Amino acid sequence: MRNREHEIYDVVGIGFGPSNLSLAIALEEYAASGPGNEMSAVFFERQSSFGWHRSMLLPSATMQISFLKDLVTFRNPTSSFSFIAYLHASGRLPQFVNNQDFFPTRQEFHQYLEWAQAQVADRVVYGSEVTSIRQPFSAAPQPPDRLLLEVADAAGRAGRVIEARNVVISTGLVPSMPAGTERDERVWHSSEFLEKYRRMNPRELRRVAVAGAGQSAAEITRFLYDELPHAQVFAAVPSYGYSVADDTPFANRIFDPEAVDDYYFGTEQTRGAFWRYHRNTNYSVVDGDVIRELYRRSYDDEVRGVSRLEFLNLTMVTGVKRVGAETRVSLQSGPDAEVRELNVDVLVCATGYDPMEPTGLLGDLDRLCLRDEAGRYRVERDYRIATSPESRCGIYLQGGTEHTHGLTSSLLSNIAVRSGEIVDSIVARRTA
Ligand code: FDA
Ligand code: NAP
């Protein structure tokens with residue numbers, strides 16, 4: 001880690017998923033672009049090593065976006081950190097091209113991210129969680145020009161205080177469980193799926209249920225059906241059946257970098273149109289191939305006269321209780337909202353996520369952050385939270401900006417460009 005000796009950084013990144021990895025590279029490339037461009041930076045990541053939704057690295061899961069929307073290409077197509085550069089370094093570029101597929105597996109993309117992070121790893125401290133950000137007391141008339149971050153180690157011991165001129169918060173989506181359900185060793189959220197699954201003896205899983213009708217639910221249902229040939233798999237879907245993710249070209253334009261301006265500078269009405277017409281590009285939808293694969297499995301079962309895969313449509317999970325060794329799931333089903341119970345060995349809640357929420361981290365500093373009429377953060381076009389004049393430091397968000405910047409907020413589509421814009425903003429404010 002560079003600059004450890006003085007522990008005052010121009011940029012401190014909180015969380016080191018793809019967003020802040022892309023930022024670390026953008027800083028690296030900016031530093032290389034001219035003398036005096038070096039900025040001191042450090043990134044804290046609570047996982048012990050790099051991991052991108054590891055518990056959902058299911059064997060056949062593919063990316064939801066083109067490999068060209070990698071960490072850098074849309075900002076700098078000549079970058080040495082691109083997915084193509086990774087393929088070249090791995091000796092697989094021709095083979096990848098022969099495959100004629102824009103959507104690599106998540107496992108391959110994960111390897112790419114690991115390859116990229118290894119090149120900037122001297123700026124990253126793994127096994128470290130930032131627990132709070134605050135502004136130091138200052139008797140001077142000018143507000144302080146730095147923030148203090150408290151960092152706990154892997155054992156949860158607080159200890160280190162870091163000073164930052166700018167912080168970039170990128171702590172990711174927050175798993176959401178159905179009301180009335182708590183996670184335990186038999187009730188899982190999709191975000192912890194493989195980690196919990198691997199602790200089980202598969203032979204003991206004879207009745208498993210998956211709640212949700214999004215990509216996570218469909219992938220987990222397919223995985224459980226394939227991995228547990230002796231088991232009954234229930235899919236509790238709130239819709240009539242899985243709906244397809246719209247990835248057609250015109251709709252895909254909402255993920256273009258220019259769409260951020262159209263959203264940000266749009267009217268309430270035009271912003272509403274993004275959601276009304278295009279929510280089905282991302283939320284509660286499933287890739288068409290996965291839908292067809294699941295249907296095929298269910299139909300083949302029917303032909304064979306078995307029903308191992310049972311779709312419970314128009315069904316919501318409304319609660320769970322433990323009865324002896326069994327997990328009893330309450331379901332509300334059908335047009336007349338009939339309530340029924342289902343005994344299973346495991347329930348997987350693939351029930352989605354809440355947006356990134358930095359309020360807890362910001363603590364007292366939050367009172368200096370401006371909010372809109374709906375109580376949401378006011379965020380500048382450069383992803384900096386608008387603050388009162390009592391704060392001079394930059395607090396940037398990578399995530400949690402759907403209300404200001406649109407649908408790409410929590411996705412990979414725009415991370416290359418967004419990271420570049422954040423670097424430009426930090427540089428411009430530093431030299432202003
Ligand atoms: P991400 O969640 O990846 O990283 C946040 C990091 O912050 C984590 O590593 C976490 O440990 C760390 N952290 C949290 N709090 C911390 C703290 N206080 N201190 C230190 N570290 C902290 N999108 C897309 O465009 N295409 C796709 O194919 C997919 N695929 C996909 C699959 C699955 C299974 C999910 C759940 C989501 C996707 N997504 C996606 C959307 C997803 O949000 C996106 O791919 C990235 O994970 C966003 O990267 P971030 O770095 O913003 O968050
Ligand atoms: P999601 O799209 O938000 O879907 C959550 C689903 O859970 C919705 O169908 C929701 O129904 C349902 N639900 C909520 N509460 C429920 C309840 N009580 N009972 C039954 N169902 C309930 O979440 P996701 O599938 O995890 O996807 C999140 C993001 O991750 C998306 O961007 C997705 O593309 C991405 N992802 C990508 C991959 C990949 O790259 N291969 C894999 C997985 C996920 P309502 O619609 O009614 O709320």
# chains A, B, ... in the order shown; residues from 1 in each chain; ligands from 1
>>> closest_atom_pairs(of="chain A", to="ligand 2", cutoff="8 Å", atoms="only C-alpha atoms and all ligand atoms", output="JSON lines")
{"residue": "A:Met56", "atom": "CA", "partner": "ligand 2", "partner_atom_place_in_ligand_line": "42 (C)", "distance": 6.9}
{"residue": "A:Ala61", "atom": "CA", "partner": "ligand 2", "partner_atom_place_in_ligand_line": "41 (N)", "distance": 4.8}
{"residue": "A:Thr62", "atom": "CA", "partner": "ligand 2", "partner_atom_place_in_ligand_line": "41 (N)", "distance": 4.8}
{"residue": "A:Met63", "atom": "CA", "partner": "ligand 2", "partner_atom_place_in_ligand_line": "40 (O)", "distance": 4.3}
{"residue": "A:Gln64", "atom": "CA", "partner": "ligand 2", "partner_atom_place_in_ligand_line": "40 (O)", "distance": 4.6}
{"residue": "A:Ile65", "atom": "CA", "partner": "ligand 2", "partner_atom_place_in_ligand_line": "40 (O)", "distance": 7.7}
{"residue": "A:Thr105", "atom": "CA", "partner": "ligand 2", "partner_atom_place_in_ligand_line": "41 (N)", "distance": 7.9}
{"residue": "A:Arg106", "atom": "CA", "partner": "ligand 2", "partner_atom_place_in_ligand_line": "41 (N)", "distance": 6.4}
{"residue": "A:Met177", "atom": "CA", "partner": "ligand 2", "partner_atom_place_in_ligand_line": "15 (N)", "distance": 7.0}
{"residue": "A:Pro178", "atom": "CA", "partner": "ligand 2", "partner_atom_place_in_ligand_line": "18 (N)", "distance": 4.2}
{"residue": "A:Ala179", "atom": "CA", "partner": "ligand 2", "partner_atom_place_in_ligand_line": "18 (N)", "distance": 6.8}
{"residue": "A:Ser190", "atom": "CA", "partner": "ligand 2", "partner_atom_place_in_ligand_line": "26 (O)", "distance": 6.9}
{"residue": "A:Ser191", "atom": "CA", "partner": "ligand 2", "partner_atom_place_in_ligand_line": "26 (O)", "distance": 7.7}
{"residue": "A:Ala211", "atom": "CA", "partner": "ligand 2", "partner_atom_place_in_ligand_line": "20 (C)", "distance": 4.5}
{"residue": "A:Gly212", "atom": "CA", "partner": "ligand 2", "partner_atom_place_in_ligand_line": "7 (O)", "distance": 3.4}
{"residue": "A:Ala213", "atom": "CA", "partner": "ligand 2", "partner_atom_place_in_ligand_line": "9 (O)", "distance": 3.5}
{"residue": "A:Gly214", "atom": "CA", "partner": "ligand 2", "partner_atom_place_in_ligand_line": "25 (O)", "distance": 3.5}
{"residue": "A:Gln215", "atom": "CA", "partner": "ligand 2", "partner_atom_place_in_ligand_line": "25 (O)", "distance": 3.9}
{"residue": "A:Ser216", "atom": "CA", "partner": "ligand 2", "partner_atom_place_in_ligand_line": "43 (C)", "distance": 3.8}
{"residue": "A:Ala217", "atom": "CA", "partner": "ligand 2", "partner_atom_place_in_ligand_line": "25 (O)", "distance": 5.7}
{"residue": "A:Ala218", "atom": "CA", "partner": "ligand 2", "partner_atom_place_in_ligand_line": "25 (O)", "distance": 7.7}
{"residue": "A:Glu219", "atom": "CA", "partner": "ligand 2", "partner_atom_place_in_ligand_line": "42 (C)", "distance": 6.8}
{"residue": "A:Ala236", "atom": "CA", "partner": "ligand 2", "partner_atom_place_in_ligand_line": "20 (C)", "distance": 5.8}
{"residue": "A:Val237", "atom": "CA", "partner": "ligand 2", "partner_atom_place_in_ligand_line": "21 (N)", "distance": 5.5}
{"residue": "A:Pro238", "atom": "CA", "partner": "ligand 2", "partner_atom_place_in_ligand_line": "21 (N)", "distance": 5.1}
{"residue": "A:Ser239", "atom": "CA", "partner": "ligand 2", "partner_atom_place_in_ligand_line": "47 (O)", "distance": 6.8}
{"residue": "A:Asn282", "atom": "CA", "partner": "ligand 2", "partner_atom_place_in_ligand_line": "32 (O)", "distance": 5.1}
{"residue": "A:Tyr283", "atom": "CA", "partner": "ligand 2", "partner_atom_place_in_ligand_line": "2 (O)", "distance": 3.8}
{"residue": "A:Ser284", "atom": "CA", "partner": "ligand 2", "partner_atom_place_in_ligand_line": "2 (O)", "distance": 3.6}
{"residue": "A:Val285", "atom": "CA", "partner": "ligand 2", "partner_atom_place_in_ligand_line": "2 (O)", "distance": 5.8}
{"residue": "A:Val286", "atom": "CA", "partner": "ligand 2", "partner_atom_place_in_ligand_line": "34 (O)", "distance": 7.5}
{"residue": "A:Thr315", "atom": "CA", "partner": "ligand 2", "partner_atom_place_in_ligand_line": "20 (C)", "distance": 6.2}
{"residue": "A:Met316", "atom": "CA", "partner": "ligand 2", "partner_atom_place_in_ligand_line": "19 (N)", "distance": 3.6}
{"residue": "A:Val317", "atom": "CA", "partner": "ligand 2", "partner_atom_place_in_ligand_line": "19 (N)", "distance": 3.9}
{"residue": "A:Thr318", "atom": "CA", "partner": "ligand 2", "partner_atom_place_in_ligand_line": "18 (N)", "distance": 5.6}
{"residue": "A:Leu331", "atom": "CA", "partner": "ligand 2", "partner_atom_place_in_ligand_line": "19 (N)", "distance": 7.9}
{"residue": "A:Cys349", "atom": "CA", "partner": "ligand 2", "partner_atom_place_in_ligand_line": "20 (C)", "distance": 7.4}
{"residue": "A:Ala350", "atom": "CA", "partner": "ligand 2", "partner_atom_place_in_ligand_line": "7 (O)", "distance": 5.5}
{"residue": "A:Thr351", "atom": "CA", "partner": "ligand 2", "partner_atom_place_in_ligand_line": "7 (O)", "distance": 3.3}
{"residue": "A:Gly352", "atom": "CA", "partner": "ligand 2", "partner_atom_place_in_ligand_line": "23 (O)", "distance": 3.3}
{"residue": "A:Tyr353", "atom": "CA", "partner": "ligand 2", "partner_atom_place_in_ligand_line": "3 (O)", "distance": 5.9}
{"residue": "A:Ser410", "atom": "CA", "partner": "ligand 2", "partner_atom_place_in_ligand_line": "32 (O)", "distance": 7.5}
{"residue": "A:Leu411", "atom": "CA", "partner": "ligand 2", "partner_atom_place_in_ligand_line": "32 (O)", "distance": 6.6}
>>> residues_around(residues="range 153-163 of chain A", least_positions_apart="5", cutoff="12 Å", atoms="only C-alpha atoms", output="PyMOL selection string")
chain A and resi 3-14+40-49+125-136+144-148+393
>>> closest_atom_pairs(of="range 145-250 of chain A", to="range 262-280 of chain A", cutoff="9 Å", atoms="only C-alpha atoms", output="tab-separated table")
residue	atom	partner	partner_atom	distance
A:Ser243	CA	A:Asn280	CA	8.3
A:Val244	CA	A:Asn280	CA	7.7
A:Ala245	CA	A:Asn280	CA	5.7
A:Asp246	CA	A:Asn280	CA	6.0
>>> closest_residue(among="A:Gln119, A:Ser413, A:Thr359, A:Gln111", to="ligand 1", atoms="only C-alpha atoms and all ligand atoms")
A:Ser413
>>> select_by_dssp(residues="range 47-176 of chain A", states="alpha helix (DSSP H)", output="count of residues only")
27
>>> select_by_dssp(residues="range 225-428 of chain A", states="strand (DSSP E or B)", output="PyMOL selection string")
chain A and resi 232-236+244+286+309-312+315-323+326-333+338-344+346-349+353-354+369+371+377+379+384-385+387+394-397
>>> closest_residue(among="A:Leu194, A:Val329, A:Val306, A:Val260", to="Ala231 in chain A", atoms="only C-alpha atoms")
A:Val306
>>> residues_around(residues="Ile415 in chain A", least_positions_apart="5", cutoff="9 Å", atoms="only C-alpha atoms", output="list in words")
Pro18, Ser19, Asn20, Ser22, Leu23, Lys69, Asp70, Leu71, Val72, Phe74, Arg75, Gln398, Thr408, Ser409 and Gly420 of chain A
>>> write_last_selection(atoms="N, CA, C and O atoms", output="compact mmCIF listing (two decimals), in the first residue's frame")
# COMPACT_ATOMS: atom_id res chain seq x y z
N PRO A 18 -16.23 -4.01 -8.26
CA PRO A 18 -15.87 -3.50 -9.59
C PRO A 18 -15.85 -1.97 -9.68
O PRO A 18 -15.01 -1.41 -10.38
N SER A 19 -16.75 -1.28 -8.97
CA SER A 19 -16.82 0.19 -9.12
C SER A 19 -15.54 0.85 -8.65
O SER A 19 -14.93 1.65 -9.36
N ASN A 20 -15.12 0.54 -7.43
CA ASN A 20 -13.91 1.18 -6.93
C ASN A 20 -12.64 0.58 -7.55
O ASN A 20 -11.62 1.25 -7.62
N SER A 22 -12.52 -0.05 -10.72
CA SER A 22 -12.46 0.78 -11.92
C SER A 22 -11.89 2.16 -11.58
O SER A 22 -11.09 2.73 -12.34
N LEU A 23 -12.26 2.68 -10.41
CA LEU A 23 -11.73 3.99 -9.98
C LEU A 23 -10.22 3.91 -9.73
O LEU A 23 -9.47 4.82 -10.11
N LYS A 69 -18.25 -3.77 -21.86
CA LYS A 69 -18.56 -2.86 -20.74
C LYS A 69 -17.76 -3.32 -19.53
O LYS A 69 -18.29 -3.67 -18.48
N ASP A 70 -16.47 -3.34 -19.70
CA ASP A 70 -15.58 -3.81 -18.64
C ASP A 70 -15.18 -2.63 -17.75
O ASP A 70 -15.86 -1.60 -17.73
N LEU A 71 -14.05 -2.74 -17.08
CA LEU A 71 -13.66 -1.72 -16.10
C LEU A 71 -13.20 -0.42 -16.74
O LEU A 71 -13.12 0.61 -16.07
N VAL A 72 -12.86 -0.46 -18.02
CA VAL A 72 -12.16 0.69 -18.61
C VAL A 72 -12.58 1.10 -20.02
O VAL A 72 -12.48 2.28 -20.38
N PHE A 74 -15.01 1.86 -22.08
CA PHE A 74 -15.83 3.01 -22.50
C PHE A 74 -15.18 4.34 -22.12
O PHE A 74 -15.50 5.38 -22.67
N ARG A 75 -14.25 4.32 -21.18
CA ARG A 75 -13.50 5.54 -20.83
C ARG A 75 -12.22 5.63 -21.64
O ARG A 75 -11.86 6.69 -22.14
N GLN A 398 -20.58 5.80 -5.53
CA GLN A 398 -20.68 4.86 -6.67
C GLN A 398 -21.75 3.85 -6.26
O GLN A 398 -21.46 2.87 -5.57
N THR A 408 -28.23 2.98 -14.29
CA THR A 408 -26.88 2.38 -14.26
C THR A 408 -26.25 2.44 -12.88
O THR A 408 -25.20 1.84 -12.66
N SER A 409 -26.89 3.14 -11.96
CA SER A 409 -26.30 3.38 -10.63
C SER A 409 -25.71 2.13 -9.99
O SER A 409 -24.60 2.16 -9.45
N GLY A 420 -14.05 7.69 -14.37
CA GLY A 420 -13.30 8.78 -15.00
C GLY A 420 -13.87 10.13 -14.61
O GLY A 420 -13.12 11.08 -14.34
>>> atom_distance(atom1="atom 38 (C, counted along the ligand's line) of ligand 1", atom2="CA of Leu173 in chain A")
9.2 Å
>>> closest_residue(among="A:Ser176, A:Ile422, A:Val124, A:Pro257", to="Gly15 in chain A", atoms="only C-alpha atoms")
A:Val124
>>> closest_residue(among="A:Gly36, A:Asp289, A:Asp336, A:Ala416", to="Pro77 in chain A", atoms="only C-alpha atoms")
A:Ala416
>>> residues_around(residues="range 375-382 of chain A", least_positions_apart="3", cutoff="10 Å", atoms="only C-alpha atoms", output="PyMOL selection string")
chain A and resi 260-261+264-265+358-359+366+369-372+385-387+395-397+400-401+403-405+418-426
>>> residues_around(residues="Ala325 in chain A", least_positions_apart="6", cutoff="12 Å", atoms="only C-alpha atoms", output="NGL selection string")
:A and (185-186 or 204 or 343-346)
>>> write_last_selection(atoms="N, CA and C atoms", output="mmCIF file, in the first residue's frame")
data_model
loop_
_atom_site.group_PDB
_atom_site.id
_atom_site.type_symbol
_atom_site.label_atom_id
_atom_site.label_comp_id
_atom_site.auth_asym_id
_atom_site.auth_seq_id
_atom_site.Cartn_x
_atom_site.Cartn_y
_atom_site.Cartn_z
ATOM 1 N N GLU A 185 -29.480 -20.845 9.281
ATOM 2 C CA GLU A 185 -28.761 -21.887 8.523
ATOM 3 C C GLU A 185 -29.663 -22.607 7.517
ATOM 4 N N ARG A 186 -30.992 -22.397 7.599
ATOM 5 C CA ARG A 186 -31.917 -23.024 6.647
ATOM 6 C C ARG A 186 -32.703 -21.999 5.816
ATOM 7 N N GLU A 204 -29.132 -34.519 2.053
ATOM 8 C CA GLU A 204 -30.162 -34.194 3.047
ATOM 9 C C GLU A 204 -31.152 -33.158 2.543
ATOM 10 N N ASN A 343 -43.540 -27.209 3.889
ATOM 11 C CA ASN A 343 -42.383 -27.642 4.677
ATOM 12 C C ASN A 343 -41.211 -27.920 3.751
ATOM 13 N N VAL A 344 -40.083 -27.320 4.071
ATOM 14 C CA VAL A 344 -38.903 -27.526 3.220
ATOM 15 C C VAL A 344 -37.673 -27.729 4.093
ATOM 16 N N ASP A 345 -36.606 -28.213 3.459
ATOM 17 C CA ASP A 345 -35.323 -28.318 4.172
ATOM 18 C C ASP A 345 -34.584 -26.987 4.130
ATOM 19 N N VAL A 346 -34.757 -26.291 3.018
ATOM 20 C CA VAL A 346 -34.091 -24.993 2.869
ATOM 21 C C VAL A 346 -34.986 -24.063 2.053
#
>>> closest_residue(among="A:Ala85, A:Val168, A:Ala31, A:Val323", to="ligand 1", atoms="only C-alpha atoms and all ligand atoms")
A:Val168
>>> atom_distance(atom1="CA of Phe16 in chain A", atom2="atom 11 (O, counted along the ligand's line) of ligand 1")
6.9 Å
>>> decode(residues="range 355-368 of chain A", atoms="all heavy atoms", output="PDB file, in the first residue's frame")
ATOM      1  N   PRO A 355     -31.118  -0.433  -2.413  1.00  0.00           N
ATOM      2  CA  PRO A 355     -29.950   0.304  -2.944  1.00  0.00           C
ATOM      3  C   PRO A 355     -28.890   0.536  -1.868  1.00  0.00           C
ATOM      4  O   PRO A 355     -29.176   0.434  -0.668  1.00  0.00           O
ATOM      5  CB  PRO A 355     -30.549   1.659  -3.368  1.00  0.00           C
ATOM      6  CG  PRO A 355     -32.015   1.518  -3.291  1.00  0.00           C
ATOM      7  CD  PRO A 355     -32.341   0.350  -2.442  1.00  0.00           C
ATOM      8  N   MET A 356     -27.681   0.865  -2.328  1.00  0.00           N
ATOM      9  CA  MET A 356     -26.607   1.203  -1.393  1.00  0.00           C
ATOM     10  C   MET A 356     -27.073   2.349  -0.490  1.00  0.00           C
ATOM     11  O   MET A 356     -27.715   3.285  -0.959  1.00  0.00           O
ATOM     12  CB  MET A 356     -25.383   1.667  -2.194  1.00  0.00           C
ATOM     13  CG  MET A 356     -24.190   1.966  -1.342  1.00  0.00           C
ATOM     14  SD  MET A 356     -22.786   2.506  -2.358  1.00  0.00           S
ATOM     15  CE  MET A 356     -22.903   4.282  -2.211  1.00  0.00           C
ATOM     16  N   GLU A 357     -26.752   2.256   0.786  1.00  0.00           N
ATOM     17  CA  GLU A 357     -27.238   3.250   1.752  1.00  0.00           C
ATOM     18  C   GLU A 357     -26.076   3.700   2.647  1.00  0.00           C
ATOM     19  O   GLU A 357     -25.679   2.982   3.557  1.00  0.00           O
ATOM     20  CB  GLU A 357     -28.381   2.608   2.569  1.00  0.00           C
ATOM     21  CG  GLU A 357     -28.914   3.444   3.675  1.00  0.00           C
ATOM     22  CD  GLU A 357     -29.289   4.862   3.255  1.00  0.00           C
ATOM     23  OE1 GLU A 357     -30.320   5.015   2.603  1.00  0.00           O
ATOM     24  OE2 GLU A 357     -28.542   5.796   3.583  1.00  0.00           O
ATOM     25  N   PRO A 358     -25.536   4.888   2.389  1.00  0.00           N
ATOM     26  CA  PRO A 358     -24.354   5.307   3.145  1.00  0.00           C
ATOM     27  C   PRO A 358     -24.648   6.007   4.471  1.00  0.00           C
ATOM     28  O   PRO A 358     -23.718   6.391   5.185  1.00  0.00           O
ATOM     29  CB  PRO A 358     -23.668   6.280   2.182  1.00  0.00           C
ATOM     30  CG  PRO A 358     -24.761   6.829   1.344  1.00  0.00           C
ATOM     31  CD  PRO A 358     -25.868   5.820   1.304  1.00  0.00           C
ATOM     32  N   THR A 359     -25.929   6.169   4.823  1.00  0.00           N
ATOM     33  CA  THR A 359     -26.267   6.977   6.002  1.00  0.00           C
ATOM     34  C   THR A 359     -25.579   6.476   7.262  1.00  0.00           C
ATOM     35  O   THR A 359     -25.065   7.269   8.055  1.00  0.00           O
ATOM     36  CB  THR A 359     -27.806   6.991   6.216  1.00  0.00           C
ATOM     37  OG1 THR A 359     -28.402   7.321   4.977  1.00  0.00           O
ATOM     38  CG2 THR A 359     -28.209   7.998   7.265  1.00  0.00           C
ATOM     39  N   GLY A 360     -25.562   5.147   7.456  1.00  0.00           N
ATOM     40  CA  GLY A 360     -24.944   4.592   8.664  1.00  0.00           C
ATOM     41  C   GLY A 360     -23.470   4.972   8.756  1.00  0.00           C
ATOM     42  O   GLY A 360     -22.978   5.350   9.821  1.00  0.00           O
ATOM     43  N   LEU A 361     -22.782   4.895   7.629  1.00  0.00           N
ATOM     44  CA  LEU A 361     -21.353   5.227   7.610  1.00  0.00           C
ATOM     45  C   LEU A 361     -21.125   6.703   7.908  1.00  0.00           C
ATOM     46  O   LEU A 361     -20.148   7.081   8.561  1.00  0.00           O
ATOM     47  CB  LEU A 361     -20.792   4.963   6.207  1.00  0.00           C
ATOM     48  CG  LEU A 361     -20.145   3.641   5.891  1.00  0.00           C
ATOM     49  CD1 LEU A 361     -19.689   3.627   4.445  1.00  0.00           C
ATOM     50  CD2 LEU A 361     -18.955   3.402   6.814  1.00  0.00           C
ATOM     51  N   LEU A 362     -22.048   7.528   7.422  1.00  0.00           N
ATOM     52  CA  LEU A 362     -21.825   8.971   7.523  1.00  0.00           C
ATOM     53  C   LEU A 362     -22.079   9.507   8.936  1.00  0.00           C
ATOM     54  O   LEU A 362     -21.540  10.551   9.318  1.00  0.00           O
ATOM     55  CB  LEU A 362     -22.703   9.712   6.506  1.00  0.00           C
ATOM     56  CG  LEU A 362     -22.286   9.513   5.043  1.00  0.00           C
ATOM     57  CD1 LEU A 362     -23.328  10.068   4.092  1.00  0.00           C
ATOM     58  CD2 LEU A 362     -20.929  10.162   4.775  1.00  0.00           C
ATOM     59  N   GLY A 363     -22.878   8.794   9.707  1.00  0.00           N
ATOM     60  CA  GLY A 363     -23.105   9.190  11.107  1.00  0.00           C
ATOM     61  C   GLY A 363     -23.460  10.665  11.208  1.00  0.00           C
ATOM     62  O   GLY A 363     -24.346  11.161  10.508  1.00  0.00           O
ATOM     63  N   ASP A 364     -22.736  11.385  12.049  1.00  0.00           N
ATOM     64  CA  ASP A 364     -22.991  12.808  12.302  1.00  0.00           C
ATOM     65  C   ASP A 364     -22.787  13.690  11.074  1.00  0.00           C
ATOM     66  O   ASP A 364     -23.412  14.730  10.933  1.00  0.00           O
ATOM     67  CB  ASP A 364     -21.997  13.297  13.374  1.00  0.00           C
ATOM     68  CG  ASP A 364     -22.717  13.497  14.680  1.00  0.00           C
ATOM     69  OD1 ASP A 364     -23.897  13.089  14.750  1.00  0.00           O
ATOM     70  OD2 ASP A 364     -22.088  14.055  15.605  1.00  0.00           O
ATOM     71  N   LEU A 365     -21.887  13.202  10.208  1.00  0.00           N
ATOM     72  CA  LEU A 365     -21.573  13.960   8.997  1.00  0.00           C
ATOM     73  C   LEU A 365     -22.812  14.092   8.106  1.00  0.00           C
ATOM     74  O   LEU A 365     -22.918  15.019   7.293  1.00  0.00           O
ATOM     75  CB  LEU A 365     -20.456  13.206   8.259  1.00  0.00           C
ATOM     76  CG  LEU A 365     -19.741  13.853   7.092  1.00  0.00           C
ATOM     77  CD1 LEU A 365     -19.132  15.184   7.485  1.00  0.00           C
ATOM     78  CD2 LEU A 365     -18.653  12.906   6.586  1.00  0.00           C
ATOM     79  N   ASP A 366     -23.746  13.187   8.307  1.00  0.00           N
ATOM     80  CA  ASP A 366     -24.949  13.161   7.489  1.00  0.00           C
ATOM     81  C   ASP A 366     -25.716  14.488   7.567  1.00  0.00           C
ATOM     82  O   ASP A 366     -26.355  14.898   6.610  1.00  0.00           O
ATOM     83  CB  ASP A 366     -25.841  12.007   7.938  1.00  0.00           C
ATOM     84  CG  ASP A 366     -26.945  11.734   6.937  1.00  0.00           C
ATOM     85  OD1 ASP A 366     -26.613  11.418   5.787  1.00  0.00           O
ATOM     86  OD2 ASP A 366     -28.122  11.882   7.298  1.00  0.00           O
ATOM     87  N   ARG A 367     -25.619  15.166   8.717  1.00  0.00           N
ATOM     88  CA  ARG A 367     -26.395  16.409   8.843  1.00  0.00           C
ATOM     89  C   ARG A 367     -25.856  17.513   7.915  1.00  0.00           C
ATOM     90  O   ARG A 367     -26.532  18.488   7.648  1.00  0.00           O
ATOM     91  CB  ARG A 367     -26.467  16.868  10.303  1.00  0.00           C
ATOM     92  CG  ARG A 367     -25.198  17.420  10.821  1.00  0.00           C
ATOM     93  CD  ARG A 367     -25.163  17.737  12.294  1.00  0.00           C
ATOM     94  NE  ARG A 367     -23.780  17.884  12.665  1.00  0.00           N
ATOM     95  CZ  ARG A 367     -23.065  18.980  12.451  1.00  0.00           C
ATOM     96  NH1 ARG A 367     -23.620  20.039  11.940  1.00  0.00           N
ATOM     97  NH2 ARG A 367     -21.781  19.027  12.759  1.00  0.00           N
ATOM     98  N   LEU A 368     -24.632  17.338   7.405  1.00  0.00           N
ATOM     99  CA  LEU A 368     -24.079  18.322   6.467  1.00  0.00           C
ATOM    100  C   LEU A 368     -24.412  17.966   5.017  1.00  0.00           C
ATOM    101  O   LEU A 368     -24.105  18.712   4.101  1.00  0.00           O
ATOM    102  CB  LEU A 368     -22.552  18.425   6.630  1.00  0.00           C
ATOM    103  CG  LEU A 368     -22.033  18.723   8.037  1.00  0.00           C
ATOM    104  CD1 LEU A 368     -20.515  18.847   8.019  1.00  0.00           C
ATOM    105  CD2 LEU A 368     -22.648  20.003   8.581  1.00  0.00           C
TER     106      LEU A 368
END
